[in-house]
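*Asks:* A single structure is presented below for examination.
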Amino acid sequence: MENNSIQNILESLNYFTPELALMLTFFVLLLVDLFFRKSKYLLPAISLVGFIVSGYLLVYTPDVKGFLFSTGMTNIGLYVIDPFSFFFKILILLAMIYTILFSLSSKEINEAGGNRGEYYVLLSSFALGMFLLTSTIDLLLMYLSFELVSLSSYILAGFTRNVKRSAEASLKYIIFGAVASGAMLYGISILYGLTGTTNLYLINFYLSNQNIESLPLVIAGLLIIGGIGFKISMAPFHFWTPDVYEGAPITITAVLSVASKAAGFALLIRSLKIMFIDYTATNLQSSAWAILSQFKWNELIAGLAVLTMTLGNLAALWQSNLKRMLAYSSIAHAGYMLTGFVILDNQGIMAILIYFFIYLFMNLGAFFVVMLIADKLGSEEMEDYTGLGYKAPFLGVSLTIFLISLTGIPPTAGFVAKLYLFGALIKAKWIWLAVIGVLNSVISLYYYLKVVKNMFLRESEIEYSHNLGHGNLLITLSLLIPTLLFGIYFKPIIEFAEQSVRIFGF
Amino acid sequence: MITNYFYIAVILPFIGFLFNGLLGSRIKNEKIIGWIGSGVVGIAFLIAVFSFIEVISLPVGERKIIIPLFKWIAVERLDISFSYLIDPLSLVMALVVTGVGFLIHIYSIGYMHGDKGFWRFFAYLNLFIFMMMNLILADNFVLMFLGWEGVGLCSYLLIGFWYDRKFDKSTTADAAKKAFIVNRVGDFGFLLGMFLIYKTFESLNFEEVFVLATKIPLNEVTITLITLFLFIGATGKSAQIPLYVWLPDAMAGPTPVSALIHAATMVTAGVYMVSRCSVLFVQSEVTMMIVAVVGAFTAIFAASMGLVQNDIKKILAYSTISQLGYMFLASGVGAFSAAIFHLTTHAFFKALLFLGAGSVIHAMHEEQNIKNMGGLKTYLPTTYKTFLVASLAIAGIPPLSGFFSKDEILWETYASGYYVLYLIGLITALMTAFYVFRLFNLTFEGKPRFPSHIHPHESPKVMTVPLIILAILSAIGGFIGIPEVFSGEKGNLFKNWLHPIYEPAETYLFHVNLHSHATEILLMIISVLAGVAGILMARHFYLKSIKPIDWAISKFKKLYNVLFNKYYVDEIYDLLIVTPIVKVSEKFLWKINDTLLIDGFINGTAEIINDLAKVIRKVQTGIVQFYALIMIFGITLIIFLLLI
């Protein structure tokens with residue numbers, strides 16, 4: 001028995017190489033930072049190499065045939081590797097690589113002084129935490145990796161700690177995060193008390209075979225959803241988002257809005273789907289939410305989705321700070337994506353995956369352009385963007401395209417994302433939800449286009465000339481081209497998403 | 001096989017467009033811009049030629065190659081891909097578009113020399129070729145429609161190319177708008193047709209629709225509606241009654257544009273579309289009848305207007321409308337291959353006529369009124385000779401290309417029993433010969449009537465060489481479709497080549513060929529006589545003595561005025577359609593519907609949302625304890641809601 005579990009762990013390590021690569025990156029960065037403080041490019045270069053190696057290992061990891069890290073009879077494992085996690089890991093890696101690239105030209109980061117090492121070290125632990133989140137099937141590992149992600153991001157948000165708003169953001173994030181994580185831990189402990197196990201599959205087994213009182217189960221489920229909702233800034237757990245997004249360095253805001261949200265969604269989908277599904281039912285549509293069928297879970301999620309997107313959009317209307325506006329807009333996008341979760345069949349999940357993939361490019365693109373302009377202009381206020389479209393035409397046009405894509409207007413990729421999402425909703429007869437989603441998109445058009453209006457339709461006398469380096473030009477293009485290309489030629493994303501809806505055990 | 005890489009011939013012009021469009025303004029070197037713009041089309045032409053050679057060597061049954069590029073839109077049953085269909089019909093079109101297109105590109109290097117928008121011109125022209133290739137190579141209606149709209153856009157951009165110039169009584173921008181708006185009417189028809197096709201066949205793929213159309217029993221009303229809607233689209237793009245009014249105004253664009261888009265390629269898209277959908281059209285007798293009648297009437301109607309115009313390009317514009325009418329006449333009587341044959345020869349000689357006209361305009365310093373020309377043959381010898389070839393070709397003088405194609409149309413019309421339409425076609429042939437040689441004589445023959453300070457000079461080689469090549473094509477191009485009566489055993493090569501395309505359609509046509517070869521030859525002689533008569537009349541009136549024509553004009557002043565003012569169709573359209581629409585738009589749609597109702601509703605909603613947003617924003621206090629409180633409160637509330 002003892003031998004068996006050790007052997008299993010050793011075998012599992014073969015499949016764990018991408019994560020190991022990230023760990024190694026973490027340690028190497030830590031050591032290098034001790035000895036080579038002066039070098040500007042060394043740390044980002046190591047991080048990039050680490051992420052790319054991890055990506056390489058990820059692509060070449062064979063499809064696993066069982067649970068990883070199982071330690072005997074009572075525990076059927078902690079970790080799975082499936083196409084679903086693969087998708088999110090790719091997404092996370094892409095976001096991380098872009099973040100490193102952004103950081104290279106970010107004024108905030110480069111002027112932060114001697115502790116730049118921490119920044120890259122924490123980014124790699126952040127990535128590791130998110131990797132674990134996408135693959136875990138055990139509540140304990142889930143909580144631990146959740147904390148790893150949170151702790152890394154708390155510090156990263158306050159990285160430019162001599163900037164007042166950054167420090168404030170970090171502190172708020174910690175306090176709010178602590179509440180959320182406490183709630184989640186409470187939910188986990190209730191669930192453990194009810195079922196006696198922390199493995200998601202086993203929980204499902206107990207839930208579907210034993211009569212369990214429903215009130216504690218509802219509370220437990222809700223608390224866990226709340227904890228994850230904090231990560232994906234779902235209302236009413238979203239309050240930290242605008243303050244933190246505005247206060248944090250813009251590179252961190254960008255990565256929080258994409259990668260950490262992606263990890264949160266992966267976790268949400270996986271855990272709820274595994275725990276609360278009825279395996280005996282043949283029809284997936286009806287089997288979803290089968291356990292606890294007396295509660296209308298999907299209506300709850302639908303309500304929260306509507307709340308999230310509406311709050312996000314309405315609050316964004318009045319923002320004059322571009323970063324803050326994008327923060328609210330990212331809340332709204334989380335709301336749109338949640339609607340896909342309401343259906344919880346493969347169509348809905350596929351729509352979420354497609355949305356995420358496209359969202360990665362357009363949202364990162366918007367943040368990057370805002371960062372470039374802010375570094376030059378020293379301001380993120382919309383007022384200061386007047387006439388910018390003529391003084392920096394490339395950036396102006398790029399930002400316009402990113403914003404139009406975020407609204408969801410063809411021929412940009414954002415349209416395709418919304419098309420599949422709302423299409424899935426309509427097919428599953430959630431028409432009212434789709435209507436609200438579309439109405440919300442209309443509202444969002446207003447604040448996105450306000451930026452465009454300021455840039456192109458108003459004159460200003462401010463002197464501004466932007467000499468974009470080749471590197472920044474390439475980065476912008478590498479985000480811009482997919483945003484446009486996927487608006488017309490979107491078959492590959494659809495196929496990628498189609499292959500990736502497979503969750504282990506289904 | 002090169003054919004499998006045909007998509008390169010589509011992408012290349014697009015690359016040319018990107019190159020010239022993005023970098024053109026910085027390069028500033030006309031040579032680079034012009035030769036890259038032309039080169040991409042030239043390579044596309046070579047690819048088309050090699051593919052043609054490959055396809056022609058295949059057995060007849062295998063001459064259909066589909067090149068799938070990628071799935072484009074796939075939702076539920078709707079499945080639309082970006083894939084190209086290479087078959088005899090699309091190959092003919094591709095050869096014409098890239099071949100004639102290439103020559104016109106080269107010509108433009110000389111014609112547009114020194115224009116401040118030189119790079120813009122080539123960018124648009126390349127984009128046009130790209131869109132046109134999509135139109136003709138598409139293997140489904142949606143992709144075809146993409147190209148259809150794309151060429152419309154390019155046409156708009158190029159008509160208004162000299163947006164700061166005056167044209168007629170208004171501006172080139174107005175002419176461009178007119179073309180665009182009139183085309184929208186046709187496009188709407190096309191769209192309705194597509195919707196109906198999808199509703200009926202549940203597919204928009206050519207192959208699937210056309211096979212289904214022969215297999216399932218079709219409701220007569222449905223198929224008539226489908227084809228009529230499609231035909232409305234064709235009348236818009238191909239300038240037929242009642243939507244032809246935009247084409248004369250389209251002459252506001254630079255002359256190479258008129259040659260490429262408004263004579264040789266884009267305006268023939270409607271003919272191509274009808275031809276492509278032949279199996280649908282033949283299933284509705286009503287539509288076929290309408291197509292034939294509209295074609296014949298457009299032919300004679302436009303030709304009659306061309307008789308009295310004085311603007312060199314306007315005459316050619318009416319001539320184009322008239323010749324397109326011939327093509328629809330042919331389609332309407334079921335002679336689809338004759339239509340495509342005429343399309344091909346027309347592309348040669350009409351492009352040549354336009355380019356020749358451009359050369360004249362160039363030499364005369366932008367003068368376009370033929371009354372102020374005359375005697376140019378000594379100044380512009382090459383233009384003169386090539387123009388003569390084109391004029392003879394369009395007049396239908398054997399053995400030039402126009403003779404074979406026009407005669408085939410007339411013969412097929414006669415043979416299918418439409419004697420009245422045949423007569424109309426014959427009279428049109430007479431008129432055609434007359435107006436072309438009126439134009440020719442007033443321009444090149446006689447004494448100079450232009451002020452002495454103008455010294456016309458022949459255009460540079462880069463312009464005359466394309467003229468010469470087109471002249472050769474206009475002269476010998478007809479030999480690819482020598483009628484059976486002459487070629488005997490081999491039959492009509494062109495017809496045989498296109499035969500696989502029209503095979504399914506032909507089963508619906510009941511042609512009992514009662515007429516003998518003797519009749520065919522007799523009719524041929526009659527139509528040649530008509531052409532010769534037209535030429536002689538023009539020679540007599542405009543060269544020998546100008547008096548009879550002056551007498552005729554004063555005698556038939558009213559008729560002359562009606563013709564000169566183009567039957568007042570523009571004015572009638574203004575009165576009946578444009579003005580009411582403008583009035584209703586202004587008085588009701590704008591002032592009441594838009595300002596009062598829609599704006600009121602929208603602004604009202606926006607204000608409510610704004611106010612709501614103001615309140616919601618306040619929730620974000622910045623105090624973190626408050627946030628946590630709301631979160632816990634939220635959870636409690638949800639539990640409460642779930643439990644009740």
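Ordering of the structure tokens sets the chain letters (A, B, ...); residue numbers start at 1 within each chain; ligands are numbered from 1 in the order shown.
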Could the residues of chain B that have an atom at most 6 Å from chain A be listed as a Markdown table, each with its closest atom pair and the distance in Å to one decimal, counting only C-alpha atoms and ordered by chain and ascending residue number?

*Replies:*
```
| residue | atom | partner | partner_atom | distance |
| --- | --- | --- | --- | --- |
| B:Ala613 | CA | A:Leu314 | CA | 4.8 |
| B:Arg617 | CA | A:Ala315 | CA | 5.3 |
| B:Val624 | CA | A:Lys172 | CA | 5.9 |
| B:Tyr627 | CA | A:Phe239 | CA | 5.9 |
| B:Met631 | CA | A:Phe237 | CA | 5.6 |
```

*Asks:* Just the residues within 8 Å of Ser70 in chain A, please, counting only C-alpha atoms, with nothing from its chain fewer than 3 positions along; format it as a PyMOL selection string.

*Replies:* chain A and resi 5+8-9+67+75-78

*Asks:* I want to know what sits within 8 Å of Gly264 in chain A, based on only C-alpha atoms, with residues of the same chain fewer than 4 positions away left out; could you give that as a list in words?

*Replies:*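 Listed by chain and then number, they are Leu133, Thr134, Ile228, Gly229, Lys231, Ile232, Ser260 and Leu268 of chain A.
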
*Asks:* How would the residues just picked look written out with all heavy atoms as an mmCIF file, in the first residue's frame?

*Replies:*
```
data_model
loop_
_atom_site.group_PDB
_atom_site.id
_atom_site.type_symbol
_atom_site.label_atom_id
_atom_site.label_comp_id
_atom_site.auth_asym_id
_atom_site.auth_seq_id
_atom_site.Cartn_x
_atom_site.Cartn_y
_atom_site.Cartn_z
ATOM 1 N N LEU A 133 -5.078 25.653 -9.832
ATOM 2 C CA LEU A 133 -6.526 25.864 -9.721
ATOM 3 C C LEU A 133 -7.295 25.215 -10.867
ATOM 4 O O LEU A 133 -8.394 24.711 -10.673
ATOM 5 C CB LEU A 133 -6.834 27.368 -9.725
ATOM 6 C CG LEU A 133 -6.799 28.094 -8.390
ATOM 7 C CD1 LEU A 133 -7.250 29.530 -8.581
ATOM 8 C CD2 LEU A 133 -7.702 27.412 -7.384
ATOM 9 N N THR A 134 -6.694 25.261 -12.051
ATOM 10 C CA THR A 134 -7.454 24.747 -13.193
ATOM 11 C C THR A 134 -7.552 23.229 -13.194
ATOM 12 O O THR A 134 -8.395 22.674 -13.868
ATOM 13 C CB THR A 134 -6.810 25.170 -14.522
ATOM 14 O OG1 THR A 134 -5.484 24.656 -14.532
ATOM 15 C CG2 THR A 134 -6.781 26.655 -14.691
ATOM 16 N N ILE A 228 -15.229 31.758 -4.966
ATOM 17 C CA ILE A 228 -14.740 31.804 -6.345
ATOM 18 C C ILE A 228 -15.242 33.072 -7.031
ATOM 19 O O ILE A 228 -14.543 33.688 -7.835
ATOM 20 C CB ILE A 228 -15.185 30.546 -7.125
ATOM 21 C CG1 ILE A 228 -14.716 29.294 -6.387
ATOM 22 C CG2 ILE A 228 -14.611 30.562 -8.523
ATOM 23 C CD1 ILE A 228 -15.245 28.011 -6.976
ATOM 24 N N GLY A 229 -16.467 33.454 -6.675
ATOM 25 C CA GLY A 229 -17.048 34.675 -7.244
ATOM 26 C C GLY A 229 -16.184 35.881 -6.975
ATOM 27 O O GLY A 229 -16.112 36.810 -7.786
ATOM 28 N N LYS A 231 -12.966 35.847 -6.955
ATOM 29 C CA LYS A 231 -11.882 35.823 -7.940
ATOM 30 C C LYS A 231 -12.342 36.325 -9.307
ATOM 31 O O LYS A 231 -11.602 37.001 -10.019
ATOM 32 C CB LYS A 231 -11.345 34.390 -8.113
ATOM 33 C CG LYS A 231 -10.199 34.044 -7.203
ATOM 34 C CD LYS A 231 -8.875 34.299 -7.885
ATOM 35 C CE LYS A 231 -7.753 34.472 -6.889
ATOM 36 N NZ LYS A 231 -7.917 35.543 -5.914
ATOM 37 N N ILE A 232 -13.568 35.939 -9.682
ATOM 38 C CA ILE A 232 -13.999 36.336 -11.027
ATOM 39 C C ILE A 232 -14.793 37.634 -11.001
ATOM 40 O O ILE A 232 -15.405 38.004 -11.983
ATOM 41 C CB ILE A 232 -14.836 35.223 -11.693
ATOM 42 C CG1 ILE A 232 -16.099 34.961 -10.891
ATOM 43 C CG2 ILE A 232 -14.044 33.952 -11.847
ATOM 44 C CD1 ILE A 232 -17.019 33.949 -11.561
ATOM 45 N N SER A 260 -6.366 35.655 -13.879
ATOM 46 C CA SER A 260 -6.899 35.174 -12.613
ATOM 47 C C SER A 260 -8.397 34.925 -12.756
ATOM 48 O O SER A 260 -8.957 34.023 -12.139
ATOM 49 C CB SER A 260 -6.548 36.162 -11.507
ATOM 50 O OG SER A 260 -7.645 36.796 -11.004
ATOM 51 N N LEU A 268 -14.597 27.247 -11.053
ATOM 52 C CA LEU A 268 -16.045 27.276 -10.854
ATOM 53 C C LEU A 268 -16.730 26.187 -11.677
ATOM 54 O O LEU A 268 -17.525 25.400 -11.167
ATOM 55 C CB LEU A 268 -16.577 28.656 -11.265
ATOM 56 C CG LEU A 268 -18.056 28.924 -11.020
ATOM 57 C CD1 LEU A 268 -18.323 28.989 -9.536
ATOM 58 C CD2 LEU A 268 -18.481 30.227 -11.669
#
```

*Asks:* DSSP on the backbone: which residues in range 276-403 of chain B end up as helix (DSSP H, G or I)? Give the answer as number ranges by chain.

*Replies:* B: 276, 278-281, 285-306, 312-332, 336-363, 370-372, 381-395, 401-403

*Asks:* Excluding Leu433 in chain A and any residue of its chain fewer than 2 positions from it, enumerate the residues within 8 Å of it, using only C-alpha atoms, and give them as a PyMOL selection string.

*Replies:* chain A and resi 302+306+339+425+430-431+435-437

*Asks:* Tell me, as a list of chain:residue names, which residues lie within 8 Å of range 204-213 of chain A, counting only C-alpha atoms; anything in the same chain fewer than 3 positions away does not count.

*Replies:*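 Listing them by chain and then by number gives A:Leu194, A:Thr195, A:Leu200, A:Tyr201, A:Pro216, A:Leu217, A:Ile274, A:Met275, A:Phe276, A:Ile277, A:Asp278, A:Ile291.
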
*Asks:* Do a neighbour search on Ala424 in chain A at 8 Å with only C-alpha atoms, toss out local chain neighbours closer than 6 positions, and write the hits as a list in words.

*Replies:*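 Those residues are Gly340, Gln347, Gly348 and Ala351 of chain A.
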
*Asks:* With all heavy atoms retained, export the selected residues as a PDB file, in the first residue's frame.

*Replies:*
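result_8.pdb, written as the output of this step:
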```
ATOM      1  N   GLY A 340     -23.106  31.903 -19.774  1.00  0.00           N
ATOM      2  CA  GLY A 340     -22.812  30.611 -20.392  1.00  0.00           C
ATOM      3  C   GLY A 340     -22.840  29.501 -19.368  1.00  0.00           C
ATOM      4  O   GLY A 340     -23.174  28.355 -19.660  1.00  0.00           O
ATOM      5  N   GLN A 347     -22.465  23.176 -24.748  1.00  0.00           N
ATOM      6  CA  GLN A 347     -22.608  24.374 -25.573  1.00  0.00           C
ATOM      7  C   GLN A 347     -22.244  25.627 -24.789  1.00  0.00           C
ATOM      8  O   GLN A 347     -21.505  26.486 -25.253  1.00  0.00           O
ATOM      9  CB  GLN A 347     -24.060  24.496 -26.058  1.00  0.00           C
ATOM     10  CG  GLN A 347     -24.438  23.566 -27.175  1.00  0.00           C
ATOM     11  CD  GLN A 347     -23.718  23.916 -28.456  1.00  0.00           C
ATOM     12  OE1 GLN A 347     -23.424  25.078 -28.708  1.00  0.00           O
ATOM     13  NE2 GLN A 347     -23.412  22.904 -29.247  1.00  0.00           N
ATOM     14  N   GLY A 348     -22.789  25.695 -23.577  1.00  0.00           N
ATOM     15  CA  GLY A 348     -22.553  26.870 -22.749  1.00  0.00           C
ATOM     16  C   GLY A 348     -21.087  27.003 -22.388  1.00  0.00           C
ATOM     17  O   GLY A 348     -20.496  28.079 -22.463  1.00  0.00           O
ATOM     18  N   ALA A 351     -19.043  28.108 -25.213  1.00  0.00           N
ATOM     19  CA  ALA A 351     -19.185  29.545 -25.452  1.00  0.00           C
ATOM     20  C   ALA A 351     -18.299  30.343 -24.502  1.00  0.00           C
ATOM     21  O   ALA A 351     -17.675  31.328 -24.889  1.00  0.00           O
ATOM     22  CB  ALA A 351     -20.643  29.956 -25.308  1.00  0.00           C
TER      23      ALA A 351
END
```

*Asks:* By how many Å are CA of Leu140 in chain A and CA of Leu128 in chain A apart?

*Replies:*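 Atom-to-atom, CA of Leu140 in chain A to CA of Leu128 in chain A, that is 16.1 Å.
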
*Asks:* Figure out the distance between CA of Pro483 in chain B and CA of Leu400 in chain B, please, to one decimal in Å.

*Replies:*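 According to the coordinates, CA of Leu400 in chain B and CA of Pro483 in chain B are separated by 13.5 Å.
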
*Asks:* Just want the 7 Å neighbourhood of range 51-55 of chain B, counted on only C-alpha atoms, with same-chain residues fewer than 3 positions away dropped. Output as a VMD selection string.

*Replies:* chain B and resid 2 to 3 47 to 48 58 63 91

*Asks:* Could you write out that same residue set with C-alpha atoms as a short mmCIF file (atom, residue, chain, number, x, y, z; two decimals), in the first residue's frame?

*Replies:*
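Okay, this is what ended up in out-v9.cif:
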```
data_model
loop_
_atom_site.label_atom_id
_atom_site.label_comp_id
_atom_site.auth_asym_id
_atom_site.auth_seq_id
_atom_site.Cartn_x
_atom_site.Cartn_y
_atom_site.Cartn_z
CA ILE B 2 -1.61 24.71 -60.24
CA THR B 3 -5.38 24.84 -60.15
CA ILE B 47 -2.24 31.35 -62.70
CA ALA B 48 -5.61 31.52 -64.42
CA LEU B 58 -9.11 16.99 -67.96
CA ARG B 63 -13.78 19.82 -64.92
CA LEU B 91 -12.41 30.08 -65.45
#
```

*Asks:* Report, in Å with one decimal, the straight-line distance from CA of Phe486 in chain A to CA of Ala417 in chain A.

*Replies:*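 The value is 9.5 Å.
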
*Asks:* Taking into account only C-alpha atoms, which residue in the set B:Ala239, B:Leu355, B:Met144, B:Ile312 is nearest to Leu103 in chain B?

*Replies:* B:Leu355

*Asks:* Under the rule that only C-alpha atoms are counted, which of B:Met305, B:Phe145, B:Met1, B:Lys166 is the nearest residue to Phe564 in chain B?

*Replies:*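 Comparing B:Met305, B:Phe145, B:Met1, B:Lys166 against Phe564 in chain B, the winner is B:Met305.
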